[in-house]
Every structure is written in C-alpha cells, then in structure tokens.
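J.: Have a look at this one before I ask anything.
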Protein chains: 2
Amino acid sequence: MNSMSNPVPDRLLGDRRRVVVEHVRPSVDGGEFPAKATRGLPLRVSARAFADGHDPLLAWVWHWPGAKPLAPDAPPPGMAEVPMEAEPQDMFGAWIKPRRLGAWSFAVVGILDVWGGFARDLTIRFEAGVDVELDLADGAALAAARAELPAISKSDRRALTALAAKLGAPTPPEARVQLATREATMGLMRRTADLSHATIAGPYQLWVEREIAGYSAWYEMFPRSEGAVPPRSGTFKLARRRLPAIAAMGFSVLYLPPIHPIGVTHRKGPNNVTESSPGDPGSPWAIGSSAGGHTAVDPGLGTIDDFDEFVAAAQAIGLEVALDYALQCSPDHPWVAEHPEWFRHRSDGSIRYAENPPKQYQDIYPLDFDSGDAAGLWLALRDVMRFWIGHGVRIFRVDNPHTKAFPFWEWLIAEIRRESPDVVMLAEAFVRPAVMQRLAKIGFSQSYTYFTWRNTVWELSQYLTELSQTEVVDWFRPNFWVNTPDILHATLQQGGPPAFRLRAVLAAITCPSWGMYSGYELSESAAVREGSEEYLDSEKYQLRPRDWSSPASLAPFITRLNEIRNGHRDAIAQMSTLRLHHMTDDSMLCVSRSTPDKEDVIILVVNLDPHHPREASTWLDLGALGLAADRPFEVHDELGGETYTWHGAVNYVRLDPVWLPAHVLQVRQQR
Amino acid sequence: MNSMSNPVPDRLLGDRRRVVVEHVRPSVDGGEFPAKATRGLPLRVSARAFADGHDPLLAWVWHWPGAKPLAPDAPPPGMAEVPMEAEPQDMFGAWIKPRRLGAWSFAVVGILDVWGGFARDLTIRFEAGVDVELDLADGAALAAARAELPAISKSDRRALTALAAKLGAPTPPEARVQLATREATMGLMRRTADLSHATIAGPYQLWVEREIAGYSAWYEMFPRSEGAVPPRSGTFKLARRRLPAIAAMGFSVLYLPPIHPIGVTHRKGPNNVTESSPGDPGSPWAIGSSAGGHTAVDPGLGTIDDFDEFVAAAQAIGLEVALDYALQCSPDHPWVAEHPEWFRHRSDGSIRYAENPPKQYQDIYPLDFDSGDAAGLWLALRDVMRFWIGHGVRIFRVDNPHTKAFPFWEWLIAEIRRESPDVVMLAEAFVRPAVMQRLAKIGFSQSYTYFTWRNTVWELSQYLTELSQTEVVDWFRPNFWVNTPDILHATLQQGGPPAFRLRAVLAAITCPSWGMYSGYELSESAAVREGSEEYLDSEKYQLRPRDWSSPASLAPFITRLNEIRNGHRDAIAQMSTLRLHHMTDDSMLCVSRSTPDKEDVIILVVNLDPHHPREASTWLDLGALGLAADRPFEVHDELGGETYTWHGAVNYVRLDPVWLPAHVLQVRQQR
C-alpha cells in the first residue's frame, strides 16, 4: 500500500510550518503597494494566525528599516522583535514605531506554543485530580530537548537543563506543576522557542513619512489678497505680515494656490464670468503667460527671491509653505508654443481645451499624459516639483490628480521620494471612492475627503468608522477641510457662526489633519447663488482683502482648537483608535480619541444642530476608553474649562450652540 | 529643465493601460488558491474598474479551460469572452459557466471606452444647442483610425470606413449625431476596440467540480443498525433493503460512518461509558482491529464484495455512497504494530492517546503528521483514499480535518484531484471561523457549518448573509445538516415534530446542500441528559434498528422538500443570489432564492417558533426579485399547495407550525 509513486513533495513534507498567518495588516492590496507609516507614531500590526489542533500560538512582529528581504541566516540590520498579543477570533496584534523616513519592512512570525499547550493541559489535569507524573516527565523531556537547540544563550541553556532536572525530580507534584507553569518558566520557554518551524508572513513594505504627513493643520490663503488695494494685487512681501497671525492660530502648513503667472486668453472675470475686464486678476489655476509657466512667480506677487523670503519667514515661525501642483496650462503657457505635442489636438488642428460637457473652459488646456513625447512631458513635470523643492518647498497640494494618468503619479512619487523622502503630497480628488482610494494607495501622503458633505450623526459615524476601523486606515490619511475656495457647504451658509464653530471642532478633533481656507474665521457665508457651494465674489477670480481685526473673528476659538490638538497630539494623530459612542439625541455626536496605551483619552461631544440647544445622555463604550464601569472618573472640558465627575457609560450632556457647540473632555482618572 | 537624468522607465511610459482593475472575484486570498466553480452552474465574476478622467470603460471576462497563462499573441484554446455590465461604484459584473471538470482560468479585461465617451459628450452638446461640427469631424477621425487597426474583420473595416465618411459628410448634423450614437454604431465600436492598451487582471484560477459538489442532499446512516437484532449487527446485505426508501425521499448522497473493523481495547459502551460489555459494537470511529484497518470492512457488516454490491445497488437508484475518511486508529489498528513511528510517543514509551483535558480517549490514537516517517504516513493515507476510489466511492466526508496538518490536506487534495477530478470532499470541522474557512480555501469541496446553532431570525439572517453576500461564497460551499450523530440541538429536543419540519425546510431551501442523520424523520429527540446535544442511546455506541413505517414519519414531508429543491435546482444551487427580506414579526424569516436571470424565483417564509402560530407582513426587496412595485404577482406555495395574489413589497402571511411551518412560494408572474 505504501507505494512510492508520486512521492510526497519535499516542500510539503519538509514543511513543519503548521501555523497559517493571513490577513496581515497594515497592507495595501496584499502587498502591491507599501502601507503608510508616520515617523514616531505607533502603528498597529495585526494578523490572523491559527493552526490545526489545540495548541496555542506565539506570534511576533519583526520590523526593520529599509526594504531588505529576510535572509535565512542573519536578521536584517536594525531588526526589532515585538511580541503580539492574542485576541479573539484567532487575531494577534502589536504596536510598532518606525523611527526613520523611507522604506520600512515588517513580517509576522507564528509558531505553535508547545509549552503553552503543555502547561495549560497540565494545570487542567492536576486540578481535576488526574495523576500528572507522566505529564511532568513529558515536560522534563521537552525542556531537555529545548536545551539542545543551537541558538540559545548559555544562561537559558542552564535554566532549561535545571528546569528539566527539577520537573523530573521525585518531589511532590504540586511544586513541579507550579514550577512548570509560573511566569518565569513561561517566559523562558517563549524566549527559547524553536523558530526553525516558524511561519513567516512577509516581509510587507511600509513607507515612513515625517510627522507632518500624519498630523497637520492647514491654512489656505491667496497671497495676492493680502494687502491688496484692488486692482492692485497684494504681494509676498505684504503677505508676510499675515504670517504671525496664522502661526499664532496654531496652523502648521500654509497652503498657497498656484503662484505662477496667469493666462490672459479667455481669462475669467469675477464670479466666473467668461468675459474679464482689464484689472481682473484671473484664476491662479489658469497657469502660464508670457511671464512664464510652472516654475515662474506671478510678477504681481513679486520675484522668486520674494517667494524664498516668504518661505523662510514662515519657516522661522513654524509654518511650512505648501504649493499647489496643478498640471494644466493656460493657452498662454510657454509650453503651448514650445511643446504643442504635450497637448491633445482636434481634427482642425486646435488644442483641446478642458470641458465638462456642455460646459467649456477655454482658459484651460489639459496636458496629454499619453502624448507622443510623454517622456519629455513627465520629466518636465517632475522637474517642476524639483524646482520648488530647490526653493525649500516640501509639501504639495496636488490639484485634481484623478484627471491625470495613475502610472504618472506612481512614477513621480517614486522619483521624488528617492531624492526627497521628506516630501508630502496632499491629493485633491473629490471623486468616487475607488479612485480616491487608489490615489492614496499609489502613494499620496494625505487626501481630501467627503467630510464637507458629512453633516448628520449617521453620515459622520459611518464615515469616521470607515476611515478608522476598516483597512482604509492602512493607506488613506484623511485631511478634513471645513471649507475650500470651491466648497462653501449649505451648513455654513445657513448655520451662522455656531455652524462654523461646530464644523471646526469636528474637523480638528476627529481627524489627525484638518484644513481651513481663509475667511472661515470671519464666518464668510455668502454663496454666489441659492443652491450653489461657490462663494459669492470668489477669491478664485478677484482680490479679497479682509479685515482680520473683526471682533466676531473665530480666531481665538480656532487657536484654542489647535492648542487642544497639540496638547493631545498622540491621541489625535492615531486614527485607528478612534471610536464612536452612542448618544440618546440624534443631533449629538460622541467620538473618543486615544493613544494606544489609553494614557491619553479625550471624549468629544458635539451638538450638530447649530440652531438649538440639545441635551442627551452618552452611552460610552467604556472598554474602548479603558474605563471601569463601577468607578467615577473626572472629565475636564478643554474647550469650556469645566470639570465634571462622570460615572459609567451614561452621563448627561447639554450643549447650547450659541454658547459652545462641544465638549472636548480630557479623561482624568481612568483606572 | 528637461533633464534626461533618471529617465522615465519604459514600463511606465509605454504603459498606456490607463484602466485599474482590482478586487477581482471569485478569488481566494488574492489568488493563493483556486476559487470554486461547479460544472454547469453560472458563476458571478466581478471587479472594480476605473481610470483617470471621465471616459466610461468597457470590460470583459475572458475564460478558458485549464490553467494555461495568457500568451501575448494567441488566446488559450477554448477561450470565451463575456462582456461585463457596469454597476454602481465602478463595479463590473458578468456570469460565466465553466463546462469542464478541473482547472479553469479567467481574466478581467478593461479599456477606456473612447467612443462611448465621445458619443455621450456629443449627445450632451448637441442637445444643449452647441455647434458639433468639429466634434463630428473628431468622430470621423476616430472611426477612420479604428479602421487602420490590424486585428479587425474585413466587414468591420468596411463599416468603420463608411462610418468615417458619413460622419464627415456635409449632411445635417442631426442625422450624423444619430448615426454616431445608435446601438449598431456603439456595437461596432465596442467590437473593434483597441485591446493593445487593455488592462488584463489575471488569470485567476478556478477549480471546477461536478454538479453534486454544488448541489446535494445527504442522508447519513449506520448500516449496522439496518436489520440488526441486537446483539446481532445489521449487514450491507440487509441495509440494501433500506436504499429504495432513502432514494425515494430524494436524497442524492448516502453517507456511511466508518465501515472498518472496530478496536476492542478500551472500547466504549452504550452512552459513551468507558467500560463495554461483550456484544457492544463500539464506536465506528475507533478504527482498526486484528481484522484490518482503513482498507478493511468490518466483518460484522460483511465482505468487501458485499460493500461493492451495496455501492452498486445505491448507484443504480441514484444514490452515491460517501465514506467517512477518519484519520485515527484504535490501539488495535495494524499500523500501531507495523508503523509505531506514525504515532506520537510519551516519555515512558507509550503511545499518546487522544485527549481533551481532562477527558481522555484511550480508545483513539491520533496519527502524527510530523512523524519522522511522514512521507510513509502521508502516502499510506493517500492510498487509503485511492483504495476506496477503486471501489467506486467518489465522495468522502472527512472527519475532523482541523486536527490534522493543513499541508497534508493541500497535498492530498492535489494528489487525488490529479487522478480523480470527480472526487468530492466534505470537511467536518466544527471549529473557529478562520480554521473552517482555511479548510475550504485549500480545497475541501463542501463544509459542515454552524447552521445547527443558528436558530433565531437574527442568527440565520447574519449567517445566510455571510455565506451568500460576502467573499466567502467564492470558496466555501456550505452543507446545512439538521442533525448529526453528535448534534441533537435543543430546538429539536424541545420543539417536537414542528421543529423538525421547520429546521428541515430551512436547511433544504436556503442551502444548496443539506444533510440529515437517520432518525430525524422519526423526530427522535431524546438527549442523553439535560443540556447535552448527545442522543440518548447514541447509535455511535450501540445498534439502533428503527421502525420506518411509523405513521408519524416525516418522510413524506422530506420527500416533498427534495422534490421542490429539484424543481428549482438552478435557483437553490445559486448561493450568491440568496437575499433576506424583512418581516414584521421577529420569529418569521423570509429568504428568496433565484436564478441569475430571475427566471425562477422562490420566496421562503418560515415561522421559526415551533410552538405558536405567527402572522406578519413581508417587506420584500422587489428589485432583488425582479418584481415591479406597481403590479400584482402570483405566488404558488409549493409546500401547502395554495396560490396567492401578492402586490408590492408588503404581503400578509400567517403560519401555524402544527399545520405547516413555511411557505415555499414560487413567483409566477414577475414582469
């Protein structure tokens, strides 16, 4: 019967790797792209691991800098080992903290915990009154065999030999059972586990970006409006005066819409009319004129030196300048004449302008990423980014990346990262979920989101759950913008300053990164027309100097929000620990943020109704907060200043939006 | 600026594959294992496909027999192409029907639908009153360029040239817009699309099994009980008399617990007592005695020739015999003496018997899959299966596969399938979800499930949704058993015949495969003790001759269930189209089953309360049923015989479990 035809393949027979390790995270599409990590921020690694039979498992994360594979003999330089904790449903998890920018690798290692199974069964039998003499002899044999393994330290070898002797000694079984199962013995056996039969899943790749990729507060401004006296434009020199106020509000990134020369052909007038008048400044996104293209500064704003000084002045007070990377041209862009092959032509020889039929945008020529000279175009576009990197810019907000070829972004991001791993890119793609996710998967550091259109408890709960509790957290870093020059949501148009405050609290506290377009602090709420999300007299088409000294300014409120964020930075930055909590009123939202160790826990309660006071009870998930059900705890409102004593899951909250739309409660006694 | 350092890699620049194709299904862990297909049963292929920009997409499934890769020049022999339909959220789907057992391959192909985008924009512009002369010229140019492609038929080339000429002709634009956008033109342009820029995801592998793997009704019996006069055992010869009645009930598989010689050492007595008396037959799972091991027939049952005749007699009336593949030995199994190295030894030299501490099973020796002679053991185990295949068995119920090494099953299934692609294996693993899923992923044809422990509307809804609406449907074929010799659920112990009927309806109608252990039709409901799921006087340990002629037998009811199944076979076999529908009573469950084309739709309504009549209204998901909201439709109760006129989503149902626990409603007018 024991025929030797079709012998059992060595691959299987030699395979004593009894443990299956699957669903390893963080990962992107099974490892097709690196998952995201942020320097210094704890990152959750998890996997499902199991084996045939009844033995428990041991699992570890191995992680190391760079993209080196695991060699069979020597561990990669800098490798660290972190034990994983067993969780329900065969899951295992651990936190790691990548320390260096760029490529990082990890693997999940699983083996049968033979000693753990032995100790568990020994205890059950002993407690059931079964004779365990033979079990103890088996344990002695296991320990003695372990002492023979090659890769064990001298002291562990001595300890194993001593353990074997004691377990086999003719002493009362009770003492030996205690010896076999005590923590010191368990630790010794874990430490000396035979990894030659281990299942190693991976390595999986991470891309580690700097802290600001994972935690940032953005402020968007048109520098031409600062100090403008229409029709005279503001300049970088004038706009520098505004920098201290922006920094004082606590923002870390200052994003400028395109600063390049603006086309004159088909220039748009105020409120996007197709005819402009002399003196109309035009849309900054119609890039390029006789004064230059994507590497030139609009003469109205000043010179490249003025720009450099602006960047340096911002940097000096803790503000990083982010530029807009908008890959399109006005008909007057130098490339139109120099490289007509980079644009798409129609059958009459004309260049195809941008359209969203039947709307036509004659002031914008899209680039053709499939151009016959695609190599020339792609290199030129890369060199645009390089140019601004050379001028101290390390953050780019990328305009409509979803209308450009995905392979271009994959290539560009890899190119730029090789030279400048500190570059951060924010994808401005308001498009279908699959496309937004793809852009994040192929490497964009941060992404605009649907936050602006998520206003009810249900909408926000669903969205925050998706962004924090699903695999999306492995590659998608959301940036919650409360407004943009394109988006003034109806909630803001109708809700007055209370709506502005509540939306700012939501963005700032629920999301690691948030953003605001200037004018928000003045509660600017006039739309160009009923039902539109466009601003009236949009700054996209005209100069908008503002009076920042208004006593109604929300600047102090916004300053406080960023202060609270910075006081709870590790909790706010950690998207994966965000949890929703039920409230008994359907206009009140309760969200907690916490560090992985629950040393810092904050509970946000927001009244989403800007028009009415609301009162309700929380229904806290105490386990997620690390709180005991039977003990009171103090919560301190970082926004309102009060301190309350709460008890258990159910606690009363009343919020009047006119006075304060939210509590941001620091949990003070949690054990 | 156009530096040529770091040139753009050809891989990317040459890559005009603008379409991303992801989340291709059916697939198992990204292609690690083949997904399951059933010969003749439509299989849903889906993927998410999208591109940058605004053009629509075209997508196809290519599928072909065997595991041949896609060559760049010639399609694999037998390749078929099926267009995919666009669905919301960038999803595309199609149904394919693999026709041959064994390996099968498919790929998903996506390209930009350039003409589709052109025709869409042309229509919008024309209807908006925009001058479309240049657009029509662009269309003519597109058609003319298409006519130059190499791989186009002569007639299509002529049609494209004619189309180009007509679109460019000086005729009224209205006629030309109509020509450009009519279905014949759209079909021509789809047919001649340039696939040289297509994105091809795959190939992905399928394993096609025969019909009975995807649709089966199992009956389990202990042949030794048939015609037994205790202590005299029944035999294969006597049990043959029972075959016509089983076939008449409509079952297609007859599963026999192990038929091998039973050990005498530590043989268990009635009700699992550790001491047996002479004449006690012992548990069939304690395999092996001096009379032989896994390839021998228990002398009490007869000879191998008697077995062959039993198999042939069953086959002749449409019953396939399934054997138990139970890889464990009694202490008296010949292998214990011949191959002691195949078992695990303790430090005193004894063989380790089975345990679930503190319980001990001295009558069972597990095999050691890591044995020093694993090659010898694995080959011997394969040859056991080969032996029974040689005796006409093609279906195996595998006992506790989760306690044996996964690599062994991977190897065994591949070995057996290479020789016998018609072999079907049912995994009996009642264990944690990850482990059950893994066994299905590595190749088990069918799996036992948690069905027995899913009794409430919530439990059944969750479970049926998981089994039909998640990726699990790609590899896991559930088999719903209403009872087994190990599992007599409390619902049956307490619910009387109404409970037996309702659980049978649930299993038979909601699941493509279902199973019943004999005695169920007699509503046997006595447990060995309160709180236990073990039968009193379990047939595992003693002979249980039964009086099949009881007037209370549920055999007619069960016969009718299998008749209904066979009358709606394509709907019942198709797990992926199962849908849950809301009912206004929390003890009533509503489930629909349908063919992909909705030509056959049945609606099951069950009263899960065996003690009380219940009445409620349906809340049908009419879209899932292919029904219009505004028209009445007839439903015919295949179980009760009545015909009702229903209208819209809300319809009244009353079910008295004493009379009939369920409606199985065939939808008769659905359009």
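Order determines the names: the first chain of the structure tokens is A, the second B, and so forth; residues in each chain are numbered 1 upward, and ligands are numbered 1 upward as they are shown.
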Any idea which chain A residues end up within 8 Å of chain B if we count only C-alpha atoms, as number ranges by chain please?
T.: A: 1-4, 7-8, 12-13, 15-16, 18, 30, 48, 50-54, 89-90, 121, 124-125, 128, 130, 134, 137-138, 141, 346-348, 357-358, 370, 374-376, 378-380, 383, 402-408, 411, 432-435
J.: Can you list, as a list in words, every protein, DNA or RNA residue that comes within 10 Å of segment 419-423 of chain B when you count only C-alpha atoms, leaving out same-chain residues fewer than 3 positions away?
T.: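 Here the qualifying residues turn out to be Leu101, Gly102, Ala103, Trp207, Val208, Glu209, Arg210, Glu211, Ile212, Ala213, Arg386, Ile389, Val393, Arg394, Ile395, Phe396, Ile413, Ala414, Glu415, Ile416 and Ser445 of chain B.
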J.: What lies within 8 Å of Ser576 of chain A using only C-alpha atoms, ignoring chain neighbours under 2 positions off, as a PyMOL selection string?
T.: chain A and resi 44+468-469+473+574+578
J.: Using only C-alpha atoms, determine which residues lie at most 12 Å from segment 161-164 of chain B, disregarding the query and same-chain residues fewer than 6 positions distant; provide the list as a ChimeraX atom specification.
T.: /B:136-149,154-155,176-182,184-186,188-189
J.: Go ahead and save the picked residues with C-alpha atoms, as a short mmCIF file (atom, residue, chain, number, x, y, z; two decimals), in the first residue's frame.
T.:
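Dumped everything to selection-v3.cif:
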```
data_model
loop_
_atom_site.label_atom_id
_atom_site.label_comp_id
_atom_site.auth_asym_id
_atom_site.auth_seq_id
_atom_site.Cartn_x
_atom_site.Cartn_y
_atom_site.Cartn_z
CA LEU B 136 -18.38 65.10 -35.74
CA ALA B 137 -15.08 65.60 -37.55
CA ASP B 138 -13.29 64.24 -34.46
CA GLY B 139 -15.62 61.24 -34.57
CA ALA B 140 -14.89 60.67 -38.24
CA ALA B 141 -11.18 60.75 -37.43
CA LEU B 142 -11.68 58.24 -34.58
CA ALA B 143 -13.59 55.86 -36.87
CA ALA B 144 -11.01 56.20 -39.64
CA ALA B 145 -8.18 55.49 -37.19
CA ARG B 146 -10.05 52.46 -35.89
CA ALA B 147 -10.30 51.10 -39.45
CA GLU B 148 -6.48 51.01 -39.55
CA LEU B 149 -6.14 48.61 -36.60
CA LYS B 154 -12.98 42.88 -43.29
CA SER B 155 -16.64 43.68 -42.82
CA ARG B 176 -24.91 62.31 -38.12
CA VAL B 177 -25.34 62.61 -34.34
CA GLN B 178 -27.98 59.89 -34.58
CA LEU B 179 -25.64 57.72 -36.66
CA ALA B 180 -22.72 58.20 -34.24
CA THR B 181 -24.75 57.23 -31.20
CA ARG B 182 -27.09 54.50 -32.41
CA ALA B 184 -25.33 49.47 -34.20
CA THR B 185 -22.52 52.02 -34.19
CA MET B 186 -21.87 51.55 -30.46
CA LEU B 188 -19.28 48.19 -33.93
CA MET B 189 -17.00 50.40 -31.84
#
```
J.: Where in segment 11-133 of chain B does DSSP assign alpha helix (DSSP H), given as a list in words?
T.: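 Restricting segment 11-133 of chain B to alpha helix (DSSP H) produces Arg11, Leu12, Leu13, Val114, Trp115, Gly116, Gly117, Phe118, Ala119, Arg120, Asp121, Leu122, Thr123, Ile124, Arg125, Phe126, Glu127 and Glu133 of chain B.
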J.: Save the residues we just selected, N, CA, C and O atoms, as a compact mmCIF listing (two decimals), in the first residue's frame?
T.:
```
# COMPACT_ATOMS: atom_id res chain seq x y z
N ARG B 11 8.61 50.87 -18.62
CA ARG B 11 7.47 50.15 -18.06
C ARG B 11 6.29 51.08 -17.85
O ARG B 11 5.15 50.75 -18.09
N LEU B 12 6.61 52.30 -17.37
CA LEU B 12 5.53 53.23 -17.09
C LEU B 12 5.15 54.02 -18.33
O LEU B 12 3.99 54.18 -18.66
N LEU B 13 6.16 54.52 -19.03
CA LEU B 13 5.85 55.36 -20.18
C LEU B 13 5.14 54.57 -21.26
O LEU B 13 4.22 55.05 -21.90
N VAL B 114 -13.43 54.91 -25.43
CA VAL B 114 -13.23 56.24 -26.02
C VAL B 114 -14.46 56.66 -26.82
O VAL B 114 -14.94 57.79 -26.72
N TRP B 115 -15.01 55.73 -27.59
CA TRP B 115 -16.18 56.08 -28.40
C TRP B 115 -17.40 56.34 -27.52
O TRP B 115 -18.20 57.24 -27.78
N GLY B 116 -17.52 55.56 -26.46
CA GLY B 116 -18.64 55.77 -25.54
C GLY B 116 -18.61 57.17 -24.96
O GLY B 116 -19.63 57.86 -24.85
N GLY B 117 -17.41 57.64 -24.57
CA GLY B 117 -17.27 58.99 -24.03
C GLY B 117 -17.57 60.04 -25.09
O GLY B 117 -18.26 61.03 -24.84
N PHE B 118 -17.08 59.77 -26.30
CA PHE B 118 -17.33 60.70 -27.40
C PHE B 118 -18.83 60.82 -27.68
O PHE B 118 -19.38 61.93 -27.79
N ALA B 119 -19.51 59.67 -27.75
CA ALA B 119 -20.94 59.67 -28.09
C ALA B 119 -21.74 60.36 -26.98
O ALA B 119 -22.69 61.11 -27.25
N ARG B 120 -21.35 60.10 -25.72
CA ARG B 120 -22.05 60.73 -24.59
C ARG B 120 -21.90 62.26 -24.66
O ARG B 120 -22.88 63.00 -24.59
N ASP B 121 -20.68 62.74 -24.86
CA ASP B 121 -20.45 64.18 -24.90
C ASP B 121 -21.11 64.82 -26.12
O ASP B 121 -21.66 65.92 -26.05
N LEU B 122 -21.05 64.11 -27.24
CA LEU B 122 -21.68 64.61 -28.46
C LEU B 122 -23.16 64.84 -28.24
O LEU B 122 -23.72 65.89 -28.61
N THR B 123 -23.81 63.88 -27.62
CA THR B 123 -25.25 63.99 -27.36
C THR B 123 -25.54 65.19 -26.46
O THR B 123 -26.45 65.98 -26.74
N ILE B 124 -24.77 65.31 -25.38
CA ILE B 124 -25.00 66.42 -24.45
C ILE B 124 -24.84 67.76 -25.17
O ILE B 124 -25.68 68.65 -25.04
N ARG B 125 -23.78 67.87 -25.96
CA ARG B 125 -23.54 69.15 -26.64
C ARG B 125 -24.63 69.44 -27.65
O ARG B 125 -25.12 70.56 -27.74
N PHE B 126 -24.99 68.42 -28.42
CA PHE B 126 -25.99 68.63 -29.47
C PHE B 126 -27.31 69.05 -28.85
O PHE B 126 -27.96 69.99 -29.32
N GLU B 127 -27.67 68.37 -27.75
CA GLU B 127 -28.94 68.70 -27.09
C GLU B 127 -28.90 70.07 -26.42
O GLU B 127 -29.93 70.71 -26.22
N GLU B 133 -20.02 70.50 -35.21
CA GLU B 133 -19.36 70.16 -36.47
C GLU B 133 -17.95 69.60 -36.23
O GLU B 133 -17.57 68.57 -36.78
```
